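One structure below.
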Amino acid sequence: MRRRDLVAGIGSLGVLAGAGSIVRYGPPSVGGDGDIDDETEDDGDEDEEWPIEVETIEARGSEAGTVTVPSEDVMVLMFFVNGCGNCQVQAGRLADARAELEADHGEDVRFLSLTYDSEEQIPPDELREWWETHGGNGYVSYDASRPMQEYAAVGYPVTIVVDPDGEEHWRETGTTGGREIASAVERVLEATADENDEESNGNESSDGDAANESDGADDEAETAEDDPEGSD
């Protein structure tokens with residue numbers, strides 16, 4: 001289930017690991033005036049495009065282009081700002097998780113990091129340098145606003161694991177180890193595989209029932225043709 005309750009999220013900022021950064025930078029604003037209540041109470045965003053398309057820049061593990069949130073893969077999202085020390089650490093932790101998952105699940109997992117900073121605050125060349133300096137590896141985007149609203153990503157760094165339907169399965173605010181991130185991803189991959197197997201088995205069962213019904217109808221028709229008087 002996607003989270004929209006930004007007000008509740010803001011109320012918990014005092015216990016977030018990124019709270020010190022919040023004091024320095026202020027919480028990421030949703031509207032031009034930072035009026036979160038007005039934006040979250042507006043039901044008009046229900047009609048906005050889904051999945052969300054964001055632009056990505058060229059960087060290590062990232063190409064210039066677009067990706068969607070969610071994607072057809074399990075997705076790891078990280079929300080960050082470049083001046084946050086914990087964000088600098090977390091960029092490398094995400095790269096560790098990606099490296100751990102690469103061999104067995106490389107094509108099934110997508111890592112996307114979204115900065116609250118604008119291009120005016122940190123131009124692409126500087127962001128690329130920041131990304132490489134701190135060990136980042138994965139897609140990078142400036143388009144944090146919509147995904148932040150959808151997942152109530154208040155604070156930084158915030159790391160979230162979502163399935164291909166966009167449902168959130170795991171979140172951590174602050175720093176966390178690459179192994180813990182990889183484990184969260186593996187649990188979602190397993191759950192997604194189980195759901196796909198159940199759907200596949202259900203479809204096979206339905207097809208089998210339909211085939212049996214068809215065979216039964218054919219048998220009855222052949223019996224009637226072989227013994228026309230039997231119907232009297």
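Chains: A, B, ... in order of the structure tokens. Residues: from 1 per chain. Ligands: from 1, in order shown.
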
Per residue of segment 118-208 of chain A within 12 Å of segment 64-75 of chain A, what are the shortest atom pair and its distance in Å to one decimal, counting only C-alpha atoms, with rows by chain and residue number, as JSON lines?
```
{"residue": "A:Pro124", "atom": "CA", "partner": "A:Ala64", "partner_atom": "CA", "distance": 10.8}
{"residue": "A:Arg128", "atom": "CA", "partner": "A:Ala64", "partner_atom": "CA", "distance": 11.8}
{"residue": "A:Gly138", "atom": "CA", "partner": "A:Met75", "partner_atom": "CA", "distance": 11.0}
{"residue": "A:Tyr139", "atom": "CA", "partner": "A:Val67", "partner_atom": "CA", "distance": 8.6}
{"residue": "A:Val140", "atom": "CA", "partner": "A:Ala64", "partner_atom": "CA", "distance": 9.0}
{"residue": "A:Ser141", "atom": "CA", "partner": "A:Thr66", "partner_atom": "CA", "distance": 8.9}
{"residue": "A:Tyr142", "atom": "CA", "partner": "A:Thr66", "partner_atom": "CA", "distance": 11.3}
{"residue": "A:Asp143", "atom": "CA", "partner": "A:Thr66", "partner_atom": "CA", "distance": 10.3}
{"residue": "A:Ala144", "atom": "CA", "partner": "A:Val69", "partner_atom": "CA", "distance": 10.7}
{"residue": "A:Arg146", "atom": "CA", "partner": "A:Val69", "partner_atom": "CA", "distance": 9.6}
{"residue": "A:Pro147", "atom": "CA", "partner": "A:Val69", "partner_atom": "CA", "distance": 7.3}
{"residue": "A:Met148", "atom": "CA", "partner": "A:Val69", "partner_atom": "CA", "distance": 10.9}
{"residue": "A:Glu150", "atom": "CA", "partner": "A:Val69", "partner_atom": "CA", "distance": 9.9}
{"residue": "A:Tyr151", "atom": "CA", "partner": "A:Val69", "partner_atom": "CA", "distance": 10.7}
{"residue": "A:Thr159", "atom": "CA", "partner": "A:Met75", "partner_atom": "CA", "distance": 10.4}
{"residue": "A:Ile160", "atom": "CA", "partner": "A:Met75", "partner_atom": "CA", "distance": 8.2}
{"residue": "A:Val161", "atom": "CA", "partner": "A:Met75", "partner_atom": "CA", "distance": 5.8}
{"residue": "A:Val162", "atom": "CA", "partner": "A:Met75", "partner_atom": "CA", "distance": 5.4}
{"residue": "A:Asp163", "atom": "CA", "partner": "A:Val74", "partner_atom": "CA", "distance": 4.7}
{"residue": "A:Pro164", "atom": "CA", "partner": "A:Glu72", "partner_atom": "CA", "distance": 5.0}
{"residue": "A:Asp165", "atom": "CA", "partner": "A:Pro70", "partner_atom": "CA", "distance": 6.6}
{"residue": "A:Gly166", "atom": "CA", "partner": "A:Pro70", "partner_atom": "CA", "distance": 4.9}
{"residue": "A:Glu167", "atom": "CA", "partner": "A:Pro70", "partner_atom": "CA", "distance": 8.5}
{"residue": "A:Glu168", "atom": "CA", "partner": "A:Met75", "partner_atom": "CA", "distance": 9.6}
{"residue": "A:His169", "atom": "CA", "partner": "A:Val74", "partner_atom": "CA", "distance": 10.2}
{"residue": "A:Trp170", "atom": "CA", "partner": "A:Met75", "partner_atom": "CA", "distance": 10.9}
{"residue": "A:Arg171", "atom": "CA", "partner": "A:Met75", "partner_atom": "CA", "distance": 11.9}
{"residue": "A:Ile181", "atom": "CA", "partner": "A:Met75", "partner_atom": "CA", "distance": 11.3}
{"residue": "A:Ala182", "atom": "CA", "partner": "A:Met75", "partner_atom": "CA", "distance": 11.4}
{"residue": "A:Ala184", "atom": "CA", "partner": "A:Val74", "partner_atom": "CA", "distance": 10.6}
{"residue": "A:Val185", "atom": "CA", "partner": "A:Val74", "partner_atom": "CA", "distance": 7.3}
{"residue": "A:Glu186", "atom": "CA", "partner": "A:Val74", "partner_atom": "CA", "distance": 9.4}
{"residue": "A:Arg187", "atom": "CA", "partner": "A:Val74", "partner_atom": "CA", "distance": 10.5}
{"residue": "A:Val188", "atom": "CA", "partner": "A:Val74", "partner_atom": "CA", "distance": 7.3}
{"residue": "A:Leu189", "atom": "CA", "partner": "A:Val74", "partner_atom": "CA", "distance": 6.9}
{"residue": "A:Glu190", "atom": "CA", "partner": "A:Val74", "partner_atom": "CA", "distance": 10.6}
{"residue": "A:Ala191", "atom": "CA", "partner": "A:Val74", "partner_atom": "CA", "distance": 10.7}
{"residue": "A:Thr192", "atom": "CA", "partner": "A:Val74", "partner_atom": "CA", "distance": 8.7}
{"residue": "A:Ala193", "atom": "CA", "partner": "A:Val74", "partner_atom": "CA", "distance": 11.0}
```

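Backbone DSSP assigns strand (DSSP E) in segment 43-104 of chain A to Ile52, Glu53, Val54, Glu55, Thr56, Gly65, Thr66, Val67, Thr68, Val69, Val74, Met75, Val76, Leu77, Met78, Phe79 and Phe80 of chain A.
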
Residues of the last selection are to be written out with N, CA and C atoms, as an mmCIF file, in the first residue's frame.
```cif
data_model
loop_
_atom_site.group_PDB
_atom_site.id
_atom_site.type_symbol
_atom_site.label_atom_id
_atom_site.label_comp_id
_atom_site.auth_asym_id
_atom_site.auth_seq_id
_atom_site.Cartn_x
_atom_site.Cartn_y
_atom_site.Cartn_z
ATOM 1 N N ILE A 52 4.831 6.636 -11.835
ATOM 2 C CA ILE A 52 5.468 7.936 -11.947
ATOM 3 C C ILE A 52 6.713 7.815 -12.827
ATOM 4 N N GLU A 53 6.856 8.711 -13.763
ATOM 5 C CA GLU A 53 8.043 8.720 -14.616
ATOM 6 C C GLU A 53 9.001 9.797 -14.134
ATOM 7 N N VAL A 54 10.242 9.425 -13.882
ATOM 8 C CA VAL A 54 11.242 10.384 -13.420
ATOM 9 C C VAL A 54 12.420 10.381 -14.379
ATOM 10 N N GLU A 55 13.071 11.531 -14.482
ATOM 11 C CA GLU A 55 14.259 11.649 -15.321
ATOM 12 C C GLU A 55 15.496 11.276 -14.518
ATOM 13 N N THR A 56 16.381 10.559 -15.158
ATOM 14 C CA THR A 56 17.625 10.163 -14.512
ATOM 15 C C THR A 56 18.804 10.817 -15.222
ATOM 16 N N GLY A 65 18.022 9.409 -19.011
ATOM 17 C CA GLY A 65 16.783 8.903 -19.606
ATOM 18 C C GLY A 65 15.659 8.992 -18.600
ATOM 19 N N THR A 66 14.792 8.009 -18.591
ATOM 20 C CA THR A 66 13.676 7.978 -17.645
ATOM 21 C C THR A 66 13.492 6.564 -17.102
ATOM 22 N N VAL A 67 13.009 6.495 -15.883
ATOM 23 C CA VAL A 67 12.563 5.237 -15.292
ATOM 24 C C VAL A 67 11.229 5.513 -14.618
ATOM 25 N N THR A 68 10.485 4.452 -14.337
ATOM 26 C CA THR A 68 9.191 4.613 -13.682
ATOM 27 C C THR A 68 9.258 4.103 -12.251
ATOM 28 N N VAL A 69 8.432 4.703 -11.417
ATOM 29 C CA VAL A 69 8.256 4.284 -10.022
ATOM 30 C C VAL A 69 6.774 3.970 -9.828
ATOM 31 N N VAL A 74 11.404 -5.351 -8.711
ATOM 32 C CA VAL A 74 11.444 -4.868 -7.331
ATOM 33 C C VAL A 74 12.365 -3.649 -7.318
ATOM 34 N N MET A 75 11.979 -2.615 -6.588
ATOM 35 C CA MET A 75 12.720 -1.351 -6.644
ATOM 36 C C MET A 75 13.133 -0.909 -5.250
ATOM 37 N N VAL A 76 14.392 -0.456 -5.164
ATOM 38 C CA VAL A 76 14.912 0.137 -3.934
ATOM 39 C C VAL A 76 15.033 1.636 -4.168
ATOM 40 N N LEU A 77 14.313 2.411 -3.372
ATOM 41 C CA LEU A 77 14.339 3.864 -3.479
ATOM 42 C C LEU A 77 15.115 4.452 -2.309
ATOM 43 N N MET A 78 15.972 5.430 -2.604
ATOM 44 C CA MET A 78 16.613 6.181 -1.522
ATOM 45 C C MET A 78 16.412 7.667 -1.782
ATOM 46 N N PHE A 79 15.942 8.380 -0.766
ATOM 47 C CA PHE A 79 15.756 9.824 -0.832
ATOM 48 C C PHE A 79 16.881 10.468 -0.036
ATOM 49 N N PHE A 80 17.547 11.474 -0.628
ATOM 50 C CA PHE A 80 18.736 12.013 0.018
ATOM 51 C C PHE A 80 18.958 13.476 -0.347
#
```

Task: Within 7 Å of Cys87 of chain A using only C-alpha atoms, minus same-chain residues under 6 positions, as a VMD selection string - done: chain A and resid 80 to 81 156 to 157

With all heavy atoms retained, export the selected residues as a short mmCIF file (atom, residue, chain, number, x, y, z; two decimals), in the first residue's frame.
```cif
data_model
loop_
_atom_site.label_atom_id
_atom_site.label_comp_id
_atom_site.auth_asym_id
_atom_site.auth_seq_id
_atom_site.Cartn_x
_atom_site.Cartn_y
_atom_site.Cartn_z
N PHE A 80 17.55 11.47 -0.63
CA PHE A 80 18.74 12.01 0.02
C PHE A 80 18.96 13.48 -0.35
O PHE A 80 18.32 14.02 -1.25
CB PHE A 80 19.97 11.19 -0.41
CG PHE A 80 20.41 11.42 -1.83
CD1 PHE A 80 21.46 12.28 -2.13
CD2 PHE A 80 19.78 10.77 -2.89
CE1 PHE A 80 21.88 12.50 -3.44
CE2 PHE A 80 20.19 10.97 -4.20
CZ PHE A 80 21.24 11.85 -4.48
N VAL A 81 19.89 14.11 0.37
CA VAL A 81 20.44 15.41 -0.01
C VAL A 81 21.95 15.29 0.07
O VAL A 81 22.48 14.53 0.89
CB VAL A 81 19.94 16.57 0.88
CG1 VAL A 81 18.44 16.78 0.72
CG2 VAL A 81 20.29 16.32 2.34
N TYR A 156 15.81 12.27 5.71
CA TYR A 156 16.82 11.71 4.81
C TYR A 156 18.01 11.22 5.61
O TYR A 156 18.31 11.76 6.68
CB TYR A 156 17.26 12.75 3.77
CG TYR A 156 17.33 14.18 4.23
CD1 TYR A 156 18.41 14.66 4.97
CD2 TYR A 156 16.29 15.06 3.92
CE1 TYR A 156 18.46 15.97 5.38
CE2 TYR A 156 16.33 16.38 4.34
CZ TYR A 156 17.43 16.84 5.07
OH TYR A 156 17.48 18.15 5.47
N PRO A 157 18.62 10.14 5.11
CA PRO A 157 18.17 9.35 3.97
C PRO A 157 17.00 8.45 4.36
O PRO A 157 16.93 7.98 5.50
CB PRO A 157 19.39 8.50 3.61
CG PRO A 157 20.09 8.31 4.93
CD PRO A 157 19.89 9.61 5.68
#
```
